[in-house]
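*Asks:* First the structure, which I've put down as structure tokens, then a few questions once you've had a look.
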Amino acid sequence: MTVVLRSVGEQPHRAAKARGITPVFIVDPTTGRCLQYEETHPLQSEHYLNLDPAVFSHGQFEIRTDLVDCGIDICTPDVLALWSESFDYELPRKNFLHGVLKDWELNGKMLYAEILDDGYAARATNLQMYDCISRDVLERWTLPFVPDSNLLHGQTYRRVKGGSYVEDHVVAERGAKVTQSAVGRGTTIKTGSAISGSTIGRRCKIGKNVKIENSYIWDDAVIEDGASVVHSVLAGSVVIGANCHVPEGTLISYHAHIASGVQLPSKPPARISVLADNKQLADTDISLVGKGGKGASYTVIADEEDSDDEDSGDRDPAVLQSSLIYSLEGLNISTSSISTLASDDEYDSDDDISLAGSMRAGDFGHKRDRLSSFASDDAAKPDGFHNDAVHGLVDALRADDSDDFDGAKLEFMGLRLANNASDGAMRRAIAVAFVRRAAELLAPEHGALEPTKAAAEALTSKNGAVKFVREVGVGGEGVAQQAEFALALQKALTAVRGLEPGRSGALLAALLQQLYSLDVLEEEGILAWWADKRAAENEGLDALRQKCRVLVEWLENADEEESSEEEGDDEDE
Amino acid sequence: MAPSQAAHVPTLDNLIKSFNNQTLEASIESLIFLLKWRQVKGDECAKATAHILRQVVAKSKWNDVDQLLSRIQSYGSRLARAAPLEPVIGNVVRRVLGLIRDEATEDRNADDLASEAASDIQSLTPSTNPTAHPPQRPAPVPIRPSPSVISTGLQVSKSMFNLLSVANPGDSPITGASTPMSQAQPASAHALRSEVMDGIEEILDEINQADDQIAGFSEIQIHPGDYVLAYQPSRTVEKFLVKAASKRRFTVLIASHAFSYGTSEAPYATLRKKLNAAGVNTINLASNGLMAYIPRVNKVIFSAKAVYQNGGLLVDSGSCIAAQAAYEYLKPVIVLCPVYKFCPEDPSDEVSRGELGNPSSYVSYANGPAVDALDVENTVTDYIPPELIDVYLTNLGPQTRHHLASILADHYKTEDIGFSLQLGEP
Amino acid sequence: MPAETNGAPINGAPNSNTVPATQDGAKNAPAADSLAATPANTEKLTAAQLKAKAKAEKAARRAQVKEARVAVPAPSPIQEKGATADAKGGKSKGRQDGQQSQGKGGQLQVPPATGRRPSSPVLEKDVRSAVPDCFSHIPMSKRIPTSQAHKDVHPAVLAVGQQMATFALNDSISRLKATLLAFAKVIESYETPKGNSLSRHFVPHVLNPQIEYLTECRPMCFAMGNAIRLLKGKVNKFDIDTAEDEAKEGLLEWINFLIKERITLAEYAIARNAAESINEGDTILTYGRHRLVEKTFLEAKRDGKSFDVTVIDDPFERTGQELAKTLRQAGIPVLYSPNLGGLRPKVAAASNAFLGGEAIFANGSLHASSGTADVAMAAMNAGVKVIVLCETINFDRDRVSVDSLTYNEIDPERNTGDCFRLLFDNTHDKYITGVITEFESGGGNSPAQAILALLRKQEDPLID
């Protein structure tokens, strides 16, 4: 496979800035062979990478961070085979490229990098890249992909004075100034308006004395007299009332309506949608969009892992197109990216992410998840196996589209073999994964389930998950193993941030009970855990443990009452 | 970037070959695609257009002249819209339209003679052409006002054309063949088809031979001891200079935009080799400003991409600098422009502003600070106003600005001059 | 002229001066003393100078290795100028004579220097042979390894010469400034030999070798010619009896004054004057990068004016790119055109064209970087005002040029079989609306001739 990359030089470059994640290619310059692939980004806590010692066996190698990855690979049929063999490859870069290079001794497949020094290559993976590429298109770096080539059917762009591209049937009144912009068919621009560096869709209505700078306004939008829009994205059919101000970084989704005279906030820039994250109509927030407006502030909570993946490879473009939510999510991450264009906004966006992170239960440093599989930047848990395994399991548990847990199990076992992980490590990883999933389900954005329901959901929603816990997690019939697993659950719960102790205790109890009723844990196991000193060795653990008292007492009682009946069962197992 | 791209670009010949194996629509689409991608440019546009129109005549369904005309018009305008800055496309379309009109006029004259047969024809038509629209097919082909003025113009053009183009021996027999009185109308459509196709063939010949014909005038224009400034010599100019070099000793100063990056090859190496071999000195000027050298120069030569009816030129950018400098020093400016590049229109705003190219020819995209900060306008075409031009050297011989109107009248029908007006509407 | 210069060393005759020096043809013997004095000068080099020298040497070495270029004496405009001036019987006669005699004398007095020159005639031809015949009269700068320089040449001058030959010092004013500062060092370290006076001895025996060397490195720019003329005039004015210290003091003071008045203050004043002529909302067109133009734009921006700039660049030099970036950083909207393509529409959209000049001739024509004439002409034809920014020290009051082939230089970097380039071109004064100089008058509307007249009036007292 050959990866096609465009070099953008060592000096600051807008395309490099817009990438979000910096891909690091370690390349043998003599053969063009790619030796290692890593990703870095400014938010990660540790700014170093581990080089594979094998890299040094090459006479020379280059470590390149100056490349824009356009996501085009030239493949041999082998690649598809490799891809299908390795079920855990989700992302073509982070997983596949990284993985194949890491295991190249295993596969014996070599990958190459073709680094272009001329021509144009880029991929609009996020809004910032969208912004960057749009500017490149307007400035003709992408020739012949420029508006006036009219490459798409039905386009009729012409280049007019002022460096703008205008389609047929655009009416720009005298006194309207359009520079360095593209304007779609049927749009009208009234006198006194100034549009610069922007892309305006078709059939838009732009009133008098409107100021639009470096913005993207999609089809059928209406911008009334005297409004100003700066470096923002306005989706289709948005209405901006007269004399509104839309500051830098704002995103307004389809059909939203901003009433006249509203000054949208600039810090942080608003993200406005008429739909809430649950795909229902949102209640209009009059304080934000003004009286007579439509739309509310949109906050992302759902399916963060999808939206965080800058690599669009795994995202179905159809979803993006059909679903407003998804497109908004896409916009949303990129809001933070777009606002980083203004340097002082960068902090805001950082805050956003960390706030969101700490709000979410089970997040466990989600922003680090992106790289945790290989960049081992999670200082608290330097164990690579643990992170990979937990990540894989949680992903599998979260997956909406499949009820099957076998894949995750296989992956897990593969990881275990690859890392030669101990039984203890496996147990810990499984406990953490399930606990995290269960805790996540408690959170309001996932339906705010009751602890019992959450525990049941986490354990039983996927076929084979219970079996997996029983066979791998507990890893044996012995009481000691069961106690260990319970302990692992308990410890995992203490590590979950954002849950009040009471709730996590309840969750622990619910999990134990659920496991008990699923015959994963036996009462002896739970009681052994109860008796274990380690379960109460510090305050946090003890607090959790106390919450299980009821369960334990019940178990003890049940034991006394039904011992004769239970015995038979026990012997059977 | 050109060399790397060029490797994958289908050559014009391949493209034209592919026309035969494809449906008409597919051929048109592939040509439009290449035009939009700017992979077929300049002279190639003319050739490709002629070839494709030949396909239109051969493959598309038409039963009478009107239908054929409208076919050509609609396909032609699609092509012309695909590359608004390649006026030669429109020119070739107009030429073909004119050709059809001529042939139709001849046919009508023939039909007038055979008016008696006409009634039979009408009864025959429906059976041979199931898709035909009988009411629209009256015996004399409905030609819009084709007064004698035009037909005399046509005569002139024909005679001049035949004088200079390599005579097509098949020409007269075919026109003869189209007029047999006893022939029925369906046959006349058939005949028209072959006549028009022959006519297009002739246009193609003209396009192919134009450069050589122009080069034939080089002796007259270039004198021993001349210092000739050639701005971005195109193939036409190369042929001209090489031809001149076989007869004369002179010096050529070659000026161009900028030497392309990265290539170790000096620009115009092959041309220079040829000229040097013929004993003609060449000097490559590494300069955009040409005022400094003009005092030394006797004449300036470049070729045009199109000549507008006012005499203004569409040229490679920078030629204007050469023309202007020469004008200021009263040095003659000779423009090489085959007749098929004469365009019966006025230059549009877009033309006078010039086409913009890719900034990366001058500023590397990897140069981040420059990409971020600069608003690079790399103009690749210029418009030269007519007053700067002294001689228009066509394949019909040297012309002056004042004579252009008659050349245009010789080659285009008044009906077709407005062809471009249809361009605006999809 | 080249034949003469080349011929002399081959003859090897120490006193083959064809042109007797008017000052004192028989002063060759004392010249030896001055030679003896020069080695001492070396010790007085400052660290910074040494560094600069080393740098220049290195650059020169590299360039030499790369291009295998050999030192060739080239005819200089100054020498040609001398001839013109001589014919006119102008004031510069003495200078010209001194220069020529000293020029040859300098070479001849030091046989080792001649011997050390590896410049075989064959190789010499190689360098110039790339020059097309029709441009063979135009001089070209060249790199003379410092080891091959005349030993009279002061180290400071040596460094400057190298920097000029490598185009590290490129525009006329920075060359002038460096030359003047180097001459100041020469004056500082000068000691009049016994039995001589500074006013008689300094110019022919000390200053002229320096000038000769600089000219050999790169044909002198017109500002340097002016300054040297003024300097010589100053030296000649000293009474024979003037004490050496007093004279040196006076000369150093005068050099300082010249730098301050004609360079530093002039630059500021021009930028001010020009900035004031920019109106709100103007679109100013410029060509390449000229420090005065750049300063003007930044000055006008500082004044709070809002205006656009169109930078037309020379694709073979690409200096305008830097200007465009600088202006963009300062917040000025810039349209950057990397070549002269589409010049007509771009010029037509401008309200003014600001062009920087290297020199202005007595007939008012402008000597500026190649391509300027094309831009000026296009602007003038489009009815756009063409305003030239130029310090008065660059005005040449003696020479007249009507085309670009009279005074010019061949670009040594682009003089191969494959390409050829002249560094400058000549813009006829009909394409210039006005010149902005440090003089208060004008505001861009006074033609060069008016300034020349003023200049004549002003400068005269300096000389006499």
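If you're wondering about the labels, chains in the structure tokens are A, B, ... by order shown, residues count from 1 in each chain, ligands from 1 in order shown.
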What are the residues of chain B lining chain C at 7 Å or less? Count only C-alpha atoms, and put the answer as a PyMOL selection string.

*Replies:* chain B and resi 258+266+283-292+295+317-318+321+325+353-354+362+370+373-382

*Asks:* Could you please take those selected residues and save C-alpha atoms as an mmCIF file, in the first residue's frame?

*Replies:*
data_model
loop_
_atom_site.group_PDB
_atom_site.id
_atom_site.type_symbol
_atom_site.label_atom_id
_atom_site.label_comp_id
_atom_site.auth_asym_id
_atom_site.auth_seq_id
_atom_site.Cartn_x
_atom_site.Cartn_y
_atom_site.Cartn_z
ATOM 1 C CA ALA B 258 9.607 32.354 -15.767
ATOM 2 C CA ALA B 266 16.645 25.220 -20.145
ATOM 3 C CA ILE B 283 19.331 34.309 -26.415
ATOM 4 C CA ASN B 284 17.044 33.258 -23.597
ATOM 5 C CA LEU B 285 16.008 36.338 -21.709
ATOM 6 C CA ALA B 286 15.549 35.738 -18.016
ATOM 7 C CA SER B 287 13.391 38.761 -17.628
ATOM 8 C CA ASN B 288 9.766 39.685 -17.536
ATOM 9 C CA GLY B 289 10.292 43.314 -18.320
ATOM 10 C CA LEU B 290 11.259 43.691 -21.938
ATOM 11 C CA MET B 291 11.729 47.426 -22.298
ATOM 12 C CA ALA B 292 15.406 46.976 -21.654
ATOM 13 C CA PRO B 295 16.005 48.969 -28.420
ATOM 14 C CA SER B 317 0.114 36.581 -20.504
ATOM 15 C CA GLY B 318 3.210 38.669 -20.830
ATOM 16 C CA ILE B 321 4.327 43.521 -22.236
ATOM 17 C CA ALA B 325 7.286 47.756 -25.305
ATOM 18 C CA ARG B 353 -9.186 40.725 -17.174
ATOM 19 C CA GLY B 354 -7.267 37.625 -18.108
ATOM 20 C CA TYR B 362 5.214 30.872 -8.653
ATOM 21 C CA ALA B 370 3.324 32.865 1.702
ATOM 22 C CA ALA B 373 -0.525 35.681 3.682
ATOM 23 C CA LEU B 374 -0.495 36.241 -0.028
ATOM 24 C CA ASP B 375 -3.290 36.726 -2.411
ATOM 25 C CA VAL B 376 -1.505 35.497 -5.492
ATOM 26 C CA GLU B 377 -2.935 36.378 -8.852
ATOM 27 C CA ASN B 378 -1.141 34.476 -11.533
ATOM 28 C CA THR B 379 -2.657 35.767 -14.727
ATOM 29 C CA VAL B 380 -2.099 33.368 -17.593
ATOM 30 C CA THR B 381 -3.778 35.175 -20.457
ATOM 31 C CA ASP B 382 -3.623 38.755 -21.580
#

*Asks:* For C:Ile270, work out the shell of residues within 6 Å, counting only C-alpha atoms and skipping chain neighbours fewer than 4 positions away, then give it as a ChimeraX atom specification.

*Replies:* /C:266,274,437-438

*Asks:* What are the closest atom pairs, with distances in Å to one decimal, for each residue of chain A lying within 10 Å of chain B, using only C-alpha atoms, rows by chain and rising residue number, as JSON lines?

*Replies:*
{"residue": "A:Arg6", "atom": "CA", "partner": "B:Ala366", "partner_atom": "CA", "distance": 8.5}
{"residue": "A:Ser7", "atom": "CA", "partner": "B:Ala366", "partner_atom": "CA", "distance": 6.2}
{"residue": "A:Val8", "atom": "CA", "partner": "B:Ala366", "partner_atom": "CA", "distance": 3.9}
{"residue": "A:Gly9", "atom": "CA", "partner": "B:Ala366", "partner_atom": "CA", "distance": 4.5}
{"residue": "A:Glu10", "atom": "CA", "partner": "B:Gly368", "partner_atom": "CA", "distance": 7.8}
{"residue": "A:Gln11", "atom": "CA", "partner": "B:Gly368", "partner_atom": "CA", "distance": 5.6}
{"residue": "A:Pro12", "atom": "CA", "partner": "B:Gly368", "partner_atom": "CA", "distance": 5.4}
{"residue": "A:His13", "atom": "CA", "partner": "B:Gly368", "partner_atom": "CA", "distance": 4.0}
{"residue": "A:Arg14", "atom": "CA", "partner": "B:Asp372", "partner_atom": "CA", "distance": 6.2}
{"residue": "A:Ala15", "atom": "CA", "partner": "B:Gly368", "partner_atom": "CA", "distance": 8.4}
{"residue": "A:Ala16", "atom": "CA", "partner": "B:Gly368", "partner_atom": "CA", "distance": 8.7}
{"residue": "A:Asp66", "atom": "CA", "partner": "B:Ala366", "partner_atom": "CA", "distance": 9.1}
{"residue": "A:Leu67", "atom": "CA", "partner": "B:Ala366", "partner_atom": "CA", "distance": 9.6}
{"residue": "A:Leu116", "atom": "CA", "partner": "B:Ala366", "partner_atom": "CA", "distance": 10.0}
{"residue": "A:Asp117", "atom": "CA", "partner": "B:Ala366", "partner_atom": "CA", "distance": 7.3}
{"residue": "A:Asp118", "atom": "CA", "partner": "B:Met1", "partner_atom": "CA", "distance": 5.8}
{"residue": "A:Gly119", "atom": "CA", "partner": "B:Met1", "partner_atom": "CA", "distance": 6.0}
{"residue": "A:Tyr120", "atom": "CA", "partner": "B:Tyr365", "partner_atom": "CA", "distance": 7.9}
{"residue": "A:Cys132", "atom": "CA", "partner": "B:Asp372", "partner_atom": "CA", "distance": 9.7}
{"residue": "A:Arg135", "atom": "CA", "partner": "B:Asp372", "partner_atom": "CA", "distance": 9.7}
{"residue": "A:Asp136", "atom": "CA", "partner": "B:Val371", "partner_atom": "CA", "distance": 8.8}
{"residue": "A:Glu139", "atom": "CA", "partner": "B:Asp375", "partner_atom": "CA", "distance": 7.1}
{"residue": "A:Arg140", "atom": "CA", "partner": "B:Asn358", "partner_atom": "CA", "distance": 5.6}
{"residue": "A:Trp141", "atom": "CA", "partner": "B:Asn358", "partner_atom": "CA", "distance": 5.5}
{"residue": "A:Thr142", "atom": "CA", "partner": "B:Asn358", "partner_atom": "CA", "distance": 7.3}
{"residue": "A:Leu143", "atom": "CA", "partner": "B:Asn358", "partner_atom": "CA", "distance": 5.8}
{"residue": "A:Pro144", "atom": "CA", "partner": "B:Trp37", "partner_atom": "CA", "distance": 5.4}
{"residue": "A:Phe145", "atom": "CA", "partner": "B:Trp37", "partner_atom": "CA", "distance": 7.9}
{"residue": "A:Val146", "atom": "CA", "partner": "B:Trp37", "partner_atom": "CA", "distance": 9.8}
{"residue": "A:Asp148", "atom": "CA", "partner": "B:Lys36", "partner_atom": "CA", "distance": 8.9}
{"residue": "A:Ser149", "atom": "CA", "partner": "B:Lys36", "partner_atom": "CA", "distance": 5.4}
{"residue": "A:Asn150", "atom": "CA", "partner": "B:Lys36", "partner_atom": "CA", "distance": 7.1}
{"residue": "A:Leu151", "atom": "CA", "partner": "B:Lys36", "partner_atom": "CA", "distance": 6.4}
{"residue": "A:Leu152", "atom": "CA", "partner": "B:Lys36", "partner_atom": "CA", "distance": 9.9}
{"residue": "A:Gly154", "atom": "CA", "partner": "B:Pro426", "partner_atom": "CA", "distance": 8.5}
{"residue": "A:Gln155", "atom": "CA", "partner": "B:Pro426", "partner_atom": "CA", "distance": 10.0}
{"residue": "A:Thr156", "atom": "CA", "partner": "B:Arg81", "partner_atom": "CA", "distance": 8.7}
{"residue": "A:Arg158", "atom": "CA", "partner": "B:Glu350", "partner_atom": "CA", "distance": 8.2}
{"residue": "A:Arg159", "atom": "CA", "partner": "B:Glu350", "partner_atom": "CA", "distance": 7.0}
{"residue": "A:Val160", "atom": "CA", "partner": "B:Glu350", "partner_atom": "CA", "distance": 6.9}
{"residue": "A:Lys161", "atom": "CA", "partner": "B:Arg353", "partner_atom": "CA", "distance": 8.0}
{"residue": "A:Gly163", "atom": "CA", "partner": "B:Glu377", "partner_atom": "CA", "distance": 8.9}
{"residue": "A:Asp168", "atom": "CA", "partner": "B:Gly424", "partner_atom": "CA", "distance": 8.1}
{"residue": "A:Gln180", "atom": "CA", "partner": "B:Asp375", "partner_atom": "CA", "distance": 9.5}

*Asks:* With C-alpha atoms retained, export the selected residues as a short mmCIF file (atom, residue, chain, number, x, y, z; two decimals), in the first residue's frame.

*Replies:*
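File written: selection.cif
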data_model
loop_
_atom_site.label_atom_id
_atom_site.label_comp_id
_atom_site.auth_asym_id
_atom_site.auth_seq_id
_atom_site.Cartn_x
_atom_site.Cartn_y
_atom_site.Cartn_z
CA ARG A 6 1.35 16.31 0.48
CA SER A 7 4.20 18.15 2.07
CA VAL A 8 3.35 21.59 3.35
CA GLY A 9 6.76 22.70 4.48
CA GLU A 10 8.19 23.26 7.89
CA GLN A 11 6.99 26.77 8.35
CA PRO A 12 3.53 27.46 9.72
CA HIS A 13 0.92 26.58 7.16
CA ARG A 14 -2.81 26.90 7.41
CA ALA A 15 -3.39 23.39 6.11
CA ALA A 16 -1.05 21.98 8.73
CA ASP A 66 4.91 18.40 7.73
CA LEU A 67 2.53 16.24 5.77
CA LEU A 116 4.13 15.07 -3.10
CA ASP A 117 5.92 18.35 -3.38
CA ASP A 118 3.66 19.79 -6.01
CA GLY A 119 0.04 19.59 -6.87
CA TYR A 120 -2.67 19.79 -4.32
CA CYS A 132 -8.77 25.89 4.65
CA ARG A 135 -9.85 29.26 0.81
CA ASP A 136 -7.46 27.27 -1.34
CA GLU A 139 -7.35 31.28 -4.34
CA ARG A 140 -7.04 28.72 -7.13
CA TRP A 141 -4.39 26.52 -5.54
CA THR A 142 -6.58 23.63 -6.50
CA LEU A 143 -6.77 24.34 -10.19
CA PRO A 144 -8.60 22.92 -12.15
CA PHE A 145 -10.87 22.43 -9.15
CA VAL A 146 -11.97 26.02 -9.08
CA ASP A 148 -15.17 28.70 -12.82
CA SER A 149 -14.20 25.29 -14.16
CA ASN A 150 -17.80 24.33 -13.43
CA LEU A 151 -16.77 20.74 -13.00
CA LEU A 152 -20.04 19.76 -11.41
CA GLY A 154 -25.22 22.46 -13.75
CA GLN A 155 -22.69 24.90 -12.37
CA THR A 156 -22.29 28.16 -14.19
CA ARG A 158 -17.78 32.86 -13.92
CA ARG A 159 -14.94 34.88 -12.54
CA VAL A 160 -15.88 38.49 -12.16
CA LYS A 161 -14.18 41.61 -10.96
CA GLY A 163 -11.61 38.01 -7.59
CA ASP A 168 -25.66 32.96 -13.56
CA GLN A 180 -12.78 36.98 -3.14
#

*Asks:* Could you give me, as an mmCIF file with C-alpha atoms, in the first residue's frame, the residues within 7 Å of B:Asn281, counting only C-alpha atoms and dropping anything in the same chain fewer than 6 positions from it?

*Replies:*
data_model
loop_
_atom_site.group_PDB
_atom_site.id
_atom_site.type_symbol
_atom_site.label_atom_id
_atom_site.label_comp_id
_atom_site.auth_asym_id
_atom_site.auth_seq_id
_atom_site.Cartn_x
_atom_site.Cartn_y
_atom_site.Cartn_z
ATOM 1 C CA PHE B 250 19.254 36.382 -37.630
ATOM 2 C CA THR B 251 19.147 36.384 -33.845
ATOM 3 C CA VAL B 252 16.211 35.244 -31.768
#

*Asks:* At a cut-off of 8 Å, using only C-alpha atoms, what residues contact stretch 549-555 of chain A? Leave out same-chain residues fewer than 2 positions from it and give the result as a list in words.

*Replies:* Ala509, Gln513, Glu523, Ile526, Leu527, Trp530, Arg545, Gln546, Lys547, Asn557, Ala558 and Asp559 of chain A

*Asks:* Report, in Å with one decimal, the straight-line distance from atom CA of A:Glu500 to atom CA of A:His446.

*Replies:* 17.0 Å

*Asks:* Excluding A:Gln36 and its own-chain neighbours fewer than 2 positions away, which residues fall within 9 Å of it when counting only C-alpha atoms? Please give them as a PyMOL selection string.

*Replies:* chain A and resi 24-27+34+38+51-52+55+97-98+101-102

*Asks:* Name the residues of stretch 410-457 of chain A that come out as alpha helix (DSSP H) in a backbone DSSP run; write them as a ChimeraX atom specification.

*Replies:* /A:410-419,423-442,451-457

*Asks:* Per DSSP on the backbone, filter stretch 332-396 of chain B down to the residues in strand (DSSP E) and report them as JSON, numbers by chain.

*Replies:* {"B": [333, 334, 335, 336, 342, 343, 381, 382, 383, 384, 391, 392, 393, 394]}

*Asks:* Can you pull out every residue within 7 Å of A:Arg428, counting only C-alpha atoms, but drop anything in the same chain fewer than 4 positions away, and send it as a VMD selection string?

*Replies:* chain A and resid 424 432 488

*Asks:* If you count only C-alpha atoms, which residues fall within 10 Å of A:Lys291, apart from same-chain ones fewer than 6 positions away, as a list of chain:residue names?

*Replies:* A:Ile258, A:Ala259, A:Ser260, A:Gly261, A:Val262, A:Thr284, A:Asp285
